[in-house]
Structure formats: structure tokens, C-alpha cells
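File shown here: query.cif, holding mmCIF, C-alpha atoms.
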data_upload
loop_
_atom_site.label_atom_id
_atom_site.label_comp_id
_atom_site.auth_asym_id
_atom_site.auth_seq_id
_atom_site.Cartn_x
_atom_site.Cartn_y
_atom_site.Cartn_z
CA MET H 108 38.64 97.29 68.81
CA SER H 109 36.21 94.52 67.93
CA LYS H 110 32.42 94.81 67.53
CA GLY H 111 31.87 93.02 70.84
CA ASP H 112 34.12 95.53 72.61
CA VAL H 113 32.17 98.44 71.15
CA LYS H 114 28.91 96.89 72.36
CA LEU H 115 30.41 96.43 75.82
CA LEU H 116 31.66 100.00 75.80
CA ILE H 117 28.19 101.30 74.90
CA THR H 118 26.65 99.16 77.68
CA GLY H 119 29.18 100.56 80.14
CA ALA H 120 28.56 104.15 79.06
CA VAL H 121 24.77 103.74 79.29
CA SER H 122 25.01 102.11 82.74
CA LEU H 123 27.34 104.90 83.95
CA PHE H 124 24.90 107.52 82.70
CA LEU H 125 21.98 105.71 84.38
CA ALA H 126 23.99 105.32 87.60
CA CYS H 127 24.67 109.08 87.69
CA PHE H 128 21.05 109.92 86.84
CA LEU H 129 19.58 107.53 89.42
CA GLY H 130 22.20 108.55 91.96
CA ILE H 131 21.17 112.20 91.74
CA ILE H 132 17.47 111.22 92.09
CA THR H 133 18.34 108.99 95.09
CA ILE H 134 20.22 111.81 96.84
CA ALA H 135 17.36 114.23 96.13
CA LEU H 136 14.76 111.75 97.47
CA PHE H 137 16.78 111.09 100.62
CA ALA H 138 17.25 114.83 101.12
CA ILE H 139 13.53 115.52 100.70
CA GLN H 140 12.44 112.74 103.05
CA LEU H 141 15.09 113.57 105.66
CA GLY H 142 14.09 117.23 105.41
CA ASN H 143 10.45 116.33 105.99
CA LYS H 144 11.43 114.20 108.96
CA ALA H 145 13.52 117.06 110.38
CA MET H 146 10.60 119.46 109.95
CA GLU H 147 8.29 117.08 111.83
CA THR H 148 10.69 116.71 114.75
CA ASP H 149 10.06 118.92 117.81
CA TRP H 150 13.60 120.23 118.21
CA ASN H 151 12.71 122.32 121.30
CA SER H 152 11.85 119.26 123.31
CA VAL H 153 14.87 117.36 121.97
CA PHE H 154 17.26 120.18 122.93
CA GLY H 155 15.38 120.66 126.20
CA GLN H 156 15.98 117.01 127.09
CA ILE H 157 19.66 117.31 126.18
CA SER H 158 20.01 120.51 128.28
CA GLU H 159 18.41 118.74 131.24
CA GLN H 160 20.80 115.81 130.87
CA VAL H 161 23.80 118.18 130.65
CA ASP H 162 22.55 120.07 133.74
CA GLY H 163 22.12 116.76 135.54
CA LEU H 164 25.72 115.82 134.74
CA SER H 165 27.10 119.16 136.03
CA ASP H 166 25.12 118.80 139.31
CA MET L 159 69.77 79.86 41.71
CA ASN L 160 69.06 82.14 38.75
CA LYS L 161 66.15 84.57 38.27
CA THR L 162 63.81 82.12 36.50
CA GLU L 163 64.37 79.35 39.06
CA TYR L 164 63.93 81.77 41.93
CA LEU L 165 60.68 83.20 40.56
CA LYS L 166 59.34 79.72 39.83
CA ARG L 167 60.06 78.52 43.36
CA LEU L 168 58.59 81.68 44.82
CA SER L 169 55.38 81.43 42.80
CA ASP L 170 55.08 77.77 43.84
CA GLU L 171 55.35 78.79 47.50
CA LEU L 172 52.83 81.61 47.03
CA GLY L 173 50.39 79.14 45.48
CA HIS L 174 47.51 79.68 47.90
CA MET L 175 47.50 83.48 47.67
CA PRO L 176 45.06 85.35 45.36
CA TYR L 177 46.24 85.53 41.75
CA GLY L 178 46.38 89.36 41.72
CA ASP L 179 48.63 89.43 44.82
CA VAL L 180 50.97 86.76 43.40
CA LYS L 181 51.21 88.72 40.15
CA ASP L 182 52.12 91.93 42.02
CA ILE L 183 54.73 90.13 44.15
CA ILE L 184 56.35 88.44 41.16
CA GLN L 185 56.42 91.77 39.32
CA SER L 186 58.12 93.52 42.26
CA ILE L 187 60.72 90.73 42.51
CA GLU L 188 61.36 90.91 38.76
CA GLU L 189 61.90 94.68 39.10
CA HIS L 190 64.30 94.02 41.97
CA PHE L 191 66.25 91.58 39.78
CA ASP L 192 66.33 94.11 36.92
CA GLU L 193 67.61 96.86 39.23
CA GLY L 194 70.29 94.53 40.60
CA LEU L 195 71.37 93.48 37.11
CA GLY L 196 71.56 97.15 36.15
CA GLU L 197 73.95 97.69 39.06
CA GLY L 198 76.15 94.93 37.70
CA ARG L 199 75.23 92.15 40.13
CA THR L 200 74.61 88.61 38.96
CA GLU L 201 71.24 86.83 39.17
CA GLU L 202 72.69 84.41 41.71
CA GLU L 203 73.87 87.23 43.97
CA ILE L 204 70.48 88.92 43.84
CA ALA L 205 68.70 85.64 44.56
CA GLU L 206 71.01 85.06 47.50
CA SER L 207 70.31 88.54 48.88
CA LEU L 208 66.57 87.84 48.69
CA GLY L 209 66.99 84.72 50.80
CA ASP L 210 65.10 81.45 50.73
CA PRO L 211 61.99 81.71 48.47
CA LYS L 212 60.02 79.74 51.07
CA GLU L 213 60.84 82.29 53.81
CA LEU L 214 60.14 85.20 51.47
CA ALA L 215 56.79 83.67 50.53
CA ALA L 216 55.94 83.19 54.22
CA GLU L 217 56.61 86.89 54.84
CA PHE L 218 54.36 87.87 51.96
CA LYS L 219 51.67 85.54 53.30
CA ASP L 220 51.92 87.35 56.66
CA GLY L 221 50.87 90.51 54.82
CA ALA L 222 54.27 92.21 54.60
CA LYS L 223 55.03 94.47 51.63
CA PHE L 224 58.15 93.96 49.53
CA THR L 225 59.70 97.28 50.64
CA GLN L 226 59.14 96.34 54.31
CA ILE L 227 60.77 92.94 53.78
CA MET L 228 63.79 94.50 52.07
CA LYS L 229 64.12 97.10 54.85
CA LYS L 230 64.10 94.29 57.40
CA ARG L 231 66.70 92.32 55.41
CA LYS L 232 68.92 95.38 55.23
CA ARG L 233 68.57 96.06 58.94
CA LEU L 234 69.44 92.45 59.79
CA LYS L 235 72.40 92.60 57.40
CA ASP L 236 73.68 95.86 58.89
CA TYR L 237 72.99 94.73 62.43
CA THR L 238 76.25 94.61 64.31
CA GLY L 239 75.07 93.70 67.80
CA PRO L 240 72.87 94.89 70.64
CA ASP L 241 72.61 98.65 71.07
CA GLY L 242 73.86 99.66 74.53
CA ARG L 243 71.71 102.80 74.58
CA GLY L 244 68.59 100.73 73.94
CA ARG L 245 69.38 98.46 76.88
CA ILE L 246 70.02 101.42 79.19
CA PHE L 247 66.73 102.94 78.05
CA VAL L 248 64.83 99.72 78.78
CA VAL L 249 66.30 99.46 82.29
CA VAL L 250 65.80 103.15 83.20
CA PHE L 251 62.35 103.42 81.64
CA ASN L 252 61.13 100.31 83.42
CA LEU L 253 62.70 101.35 86.70
CA PHE L 254 60.98 104.74 86.83
CA VAL L 255 57.92 104.50 84.57
CA GLY L 256 57.18 101.13 82.97
CA ILE L 257 56.85 98.75 85.92
CA ALA L 258 55.18 101.40 88.14
CA MET L 259 52.63 102.14 85.42
CA TRP L 260 51.66 98.48 85.01
CA ILE L 261 51.45 97.99 88.79
CA VAL L 262 49.19 101.08 89.14
CA LEU L 263 46.95 99.74 86.38
CA LEU L 264 46.83 96.34 88.06
CA CYS L 265 45.93 98.02 91.37
CA ALA L 266 43.15 99.92 89.58
CA ILE L 267 41.75 96.62 88.28
CA VAL L 268 41.93 95.05 91.77
CA ALA L 269 40.29 98.17 93.27
CA ALA L 270 37.51 98.02 90.67
CA PHE L 271 36.99 94.35 91.58
CA CYS L 272 36.77 95.24 95.30
CA PHE L 273 34.32 98.05 94.53
CA LEU L 274 32.22 95.61 92.52
CA ALA L 275 32.15 93.10 95.38
CA ALA L 276 31.16 95.82 97.90
CA ASP L 277 28.58 97.23 95.50
CA CYS L 278 26.99 93.82 94.86
CA GLY L 279 26.97 93.07 98.60
CA LEU L 280 25.25 96.36 99.45
CA ALA L 281 22.75 96.05 96.59
CA GLY L 282 21.94 92.49 97.68
CA LEU L 283 21.45 93.60 101.28
CA ILE L 284 19.09 96.42 100.30
CA ILE L 285 17.10 94.23 97.89
CA ALA L 286 16.81 91.45 100.50
CA SER L 287 15.69 93.98 103.14
CA LEU L 288 13.14 95.44 100.72
CA ILE L 289 11.74 91.99 99.87
CA MET L 290 11.61 90.93 103.51
CA GLY L 291 9.89 94.20 104.45
CA LYS L 292 12.59 95.31 106.86
CA ILE L 293 12.74 98.77 105.31
CA THR L 294 9.58 100.70 106.10
CA GLU L 295 10.92 104.22 106.18
CA PHE L 296 12.55 105.83 103.09
CA LEU L 297 11.18 103.03 100.90
CA VAL L 298 11.32 104.92 97.58
CA PRO L 299 14.86 106.32 98.06
CA PHE L 300 16.08 102.83 98.95
CA ILE L 301 14.53 101.39 95.79
CA PHE L 302 16.35 104.08 93.78
CA LEU L 303 19.54 103.37 95.71
CA ALA L 304 19.29 99.68 94.81
CA LEU L 305 18.78 100.58 91.12
CA THR L 306 21.77 102.94 91.24
CA LEU L 307 23.94 100.22 92.75
CA ILE L 308 22.84 97.76 90.05
CA CYS L 309 23.84 100.27 87.35
CA ILE L 310 27.19 100.88 89.04
CA ALA L 311 27.75 97.11 89.22
CA LEU L 312 27.00 96.78 85.49
CA PHE L 313 29.42 99.60 84.71
CA LEU L 314 32.14 98.01 86.87
CA ILE L 315 31.62 94.61 85.21
CA VAL L 316 32.08 96.19 81.76
CA LEU L 317 35.08 98.15 83.02
CA LEU L 318 36.68 94.98 84.43
CA ILE L 319 36.07 92.89 81.30
CA LEU L 320 37.54 95.53 79.00
CA GLY L 321 40.23 96.47 81.52
CA ILE L 322 41.52 92.92 81.97
CA LYS L 323 41.39 92.23 78.22
CA TYR L 324 43.30 95.36 77.22
CA TYR L 325 45.66 95.10 80.19
CA ALA L 326 46.73 91.66 79.00
CA LYS L 327 47.01 92.83 75.38
CA GLY L 328 48.89 95.97 76.34
CA LEU L 329 51.29 94.13 78.63
CA LYS L 330 52.04 91.61 75.90
CA ALA L 331 52.75 94.38 73.39
CA TYR L 332 54.83 96.26 75.97
CA ILE L 333 57.01 93.22 76.68
CA LYS L 334 57.44 92.69 72.93
CA TRP L 335 58.46 96.34 72.50
CA ASN L 336 60.93 96.05 75.39
CA LYS L 337 62.47 92.96 73.79
CA HIS L 338 62.75 94.79 70.48
CA VAL L 339 64.41 97.86 72.01
CA TRP L 340 66.69 95.58 74.04
CA ASN L 341 67.81 93.72 70.92
CA TYR L 342 67.75 96.39 68.21
CA GLY L 343 67.86 99.71 70.06
CA LEU L 344 65.61 102.74 69.66
CA GLY L 345 64.36 104.22 66.41
CA GLU L 346 64.10 100.91 64.57
CA GLU L 347 60.88 99.71 62.95
#

Rewritten as C-alpha cells:
Amino acid sequence: MSKGDVKLLITGAVSLFLACFLGIITIALFAIQLGNKAMETDWNSVFGQISEQVDGLSD
Amino acid sequence: MNKTEYLKRLSDELGHMPYGDVKDIIQSIEEHFDEGLGEGRTEEEIAESLGDPKELAAEFKDGAKFTQIMKKRKRLKDYTGPDGRGRIFVVVFNLFVGIAMWIVLLCAIVAAFCFLAADCGLAGLIIASLIMGKITEFLVPFIFLALTLICIALFLIVLLILGIKYYAKGLKAYIKWNKHVWNYGLGEE
């Protein structure tokens, strides 16, 4: 294996490590922000609307 | 050709090699002549068994050792024809393992290329959307997602460069090995 190949291999390994690291942070950030959004949503009114629509369909 | 003539021609052919190497080679050939003479062979017979000095010198220039060259000579001398078992092995091995293995590896390279194209496309789309201000919600996660995709793209590029290079090298060596087994059978150097 030549010197150039070793350099490429190191670049690949570093980028894979960074990709995993950043990927985990990305998932965590999405989860946090989606969680916040879910907490802000008034689920009672959302489900209430859905129930009304379902009732309307059955009538 | 007697011993002196042979050694002179050989040293002439080895002219461009380092002095120390030439000295070692000449010494090993002299020892070979002495051994042969001890066994009752003539100088001419020994010279003939060594082959053309030019060819011998070329083998030494390729980095071969004297023992390796003699082994090869012996194998070629003893060689009686293609080994049937070797040919059967080549056919069966390629039918069930060899060809499938190289096709799977090729598919992996093509898949990595497709992943790279998809990854670059997605990263480009996110970056363009971020620059144009289309993404207002989840801004920070999208920035991190773009960075992750860039890192994945870099990794895939490295993987493809090394993969293609070693695939080509490996395939070349594999074909050479197949040819060797086909011609000389298994268990030969």
C-alpha cells in the first residue's frame, strides 16, 4: 500500500468518524425540535377535529 | 561454453547491477559449477543447464534469487503438460466462488457510486434551500444534516477511489493466478 493510499485511508476514516458523530448530533437535534413541536401542539383539539370528521363520515 | 566463458558473458550482461550484487551472483554460479563438477558433469553440461547467460542475467535483474531461478528451471524441465486437476479447480472455483465474488464486489462499487450521487444530490438540495432561505423551521438540524452528508460523500469518494484501484489490481492478480493454475496446476510457486 503506497503512501498516497494510506493518506486516503486516513481521510476516509476521519470522514466516516465525523459522519457518525454529526449524524448522531443531527438525529438528537431533530428529536429535540420535533419533541418541542409536539409539546406545543394542542392534541385535544387535533383529535377532537378528527373525531368530528369521523362522526361526520358515519352520519 | 565452458565455465570461464559463461561467467564472463554473465558478468557482461549484469554490467549495470551494483558491484556487490554481481559479485554475489558470480559466486553462487561458481559454486553451482563446482557442485556440478563434483557430481561428474562437464562444464558445458552445467552451462547448458543454466541456460542463456542473457536470460539468466535478466532474471537476476528482475530481483530473483539464484535458488528461485533454479527451482523454476527444474519445474519447467520436469513439466510434462497441463495438470487436469488444476483446470477442473479453475472451472469449479470460478463457477461457484470466483466470478460471483468479483460480480458482488463490482455491484458494491456501483452501489457506492449510486449512494454518492444520491448523497451529493440531497446535500446540494439542502444547501441550496438553506442559502435561498426556504428552510425556516429546523434550521440548525438541517445545517448538521448537510455537514453529515458532506462527510458521508467524502467517505464514499475515498471508498470508491481505493475500491476501484484495488478491484482492478486484485482482478489482474486473480486472472494471473487462474492462468498459472490452469497451466501448472495447484501447489506450484

Find the residues of chain L in contact range of chain H, meaning any atom within 9 Å when counting only C-alpha atoms, and list them as a ChimeraX atom specification.
/L:296,298-303,305-317,319-320

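Distances to Gly194 of chain L were evaluated for L:Lys292, L:Lys212, L:Lys330, L:Lys161 using all atoms listed in the file, and the minimum falls at L:Lys161.
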
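Distances here use only C-alpha atoms; by that measure, the residue among L:Asn336, L:Asn160, L:Val268, L:Met290 closest to Val248 of chain L is L:Asn336.
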
Rounded to one decimal, what separation in Å do you get between atom CA of Trp260 of chain L and atom CA of Gly111 of chain H?
24.9 Å

Mind telling me what the PyMOL selection byres ((chain L and resi 216-221) around 12) catches here, as a PyMOL selection string?
chain L and resi 168-176+179-180+182-184+186-187+208-215+222-228+230-231

Pick from L:Ala286, L:Glu189, L:Arg233, L:Ala205 nearest to Glu163 of chain L, counting all atoms listed in the file
L:Ala205

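The coordinates place atom CA of Glu295 of chain L at 23.4 Å from atom CA of Ala276 of chain L.
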
Box time for segment 111-119 of chain H: axis-aligned, enclosing all its listed atoms, 6 Å extra on each side; report centre and edge lengths in Å to one decimal, as lines of an AutoDock Vina configuration file.
center_x = 30.4
center_y = 97.2
center_z = 75.5
size_x = 19.5
size_y = 20.3
size_z = 21.3

Calculate how many Å separate atom CA of Met159 of chain L from atom CA of Arg199 of chain L, rounding to one decimal.
13.5 Å

Ranking L:Lys181, L:Glu188, L:Cys272, L:Asn341 by minimum distance to Tyr164 of chain L and counting only C-alpha atoms, which one comes first?
L:Glu188
